[in-house]
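The structure appears below as structure tokens.
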Amino acid sequence: MLRKFLYSASLAGLMLSGIAAAHARPAQDKSQPKQRNEEKQRNEDTKSASGKVTDIASDKKSFVLEVIDGNTKHAIQFILDANTQVQGKVSVGTDATVEFQPTPDGKNLAVTITPRPSPSPSPGN
């Protein structure tokens, strides 16, 4: 009788752990594709611009990058948020590359700001 009870209890425990594992696994599988899609969309929407930082707002939440496109210079304003990553020291006059995403309201949200070494003057100049 005791043997039958232990066998039944063991079998019930095994079944319960199997059911719990089966329910936990699909939740993980469903979240992974969603994360991949969000990352893919983020990467597809991300653009890049390189130039010289010409202005940084006093609240440090926006800055202007002067970009040279062929023979034309134009300024692009970027906003920053809590997720913006600055890869080094950036100040006015710093050459930098900015990865950004256009926002629905027409602003450019800086995702990553990476300072670039300034081009060294050529010898003889």
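Simple scheme: letters A, B, ... for chains in structure tokens order, numbers from 1 for residues in each chain, numbers from 1 for ligands in the order shown.
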Using 12 Å as the limit and counting only C-alpha atoms, can you tabulate each residue of stretch 49-68 of chain A that touches stretch 99-111 of chain A, with its shortest atom-to-atom distance in Å and the two atoms involved, as a Markdown table?
| residue | atom | partner | partner_atom | distance |
| --- | --- | --- | --- | --- |
| A:Ala49 | CA | A:Glu99 | CA | 6.6 |
| A:Ser50 | CA | A:Glu99 | CA | 8.9 |
| A:Gly51 | CA | A:Glu99 | CA | 11.8 |
| A:Lys61 | CA | A:Ala110 | CA | 10.0 |
| A:Ser62 | CA | A:Ala110 | CA | 8.8 |
| A:Phe63 | CA | A:Ala110 | CA | 9.5 |
| A:Val64 | CA | A:Asn108 | CA | 10.5 |
| A:Leu65 | CA | A:Ala110 | CA | 11.1 |
So which one's closest to A:Lys89, A:Ala57, A:Ile68, A:Ile76, A:Ile113? Using only C-alpha atoms, please.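 Using only C-alpha atoms, A:Lys89 sits closest to A:Ile113.
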For atom CA of A:Thr54 and atom CA of A:Thr84, determine how far apart the two atoms are, in Å to one decimal place.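 Atom CA of A:Thr84 lies at a distance of 18.7 Å from atom CA of A:Thr54.
Atom pair atom CA of A:Ala82 / atom CA of A:Thr112 has a distance of 11.4 Å (rounded to one decimal).
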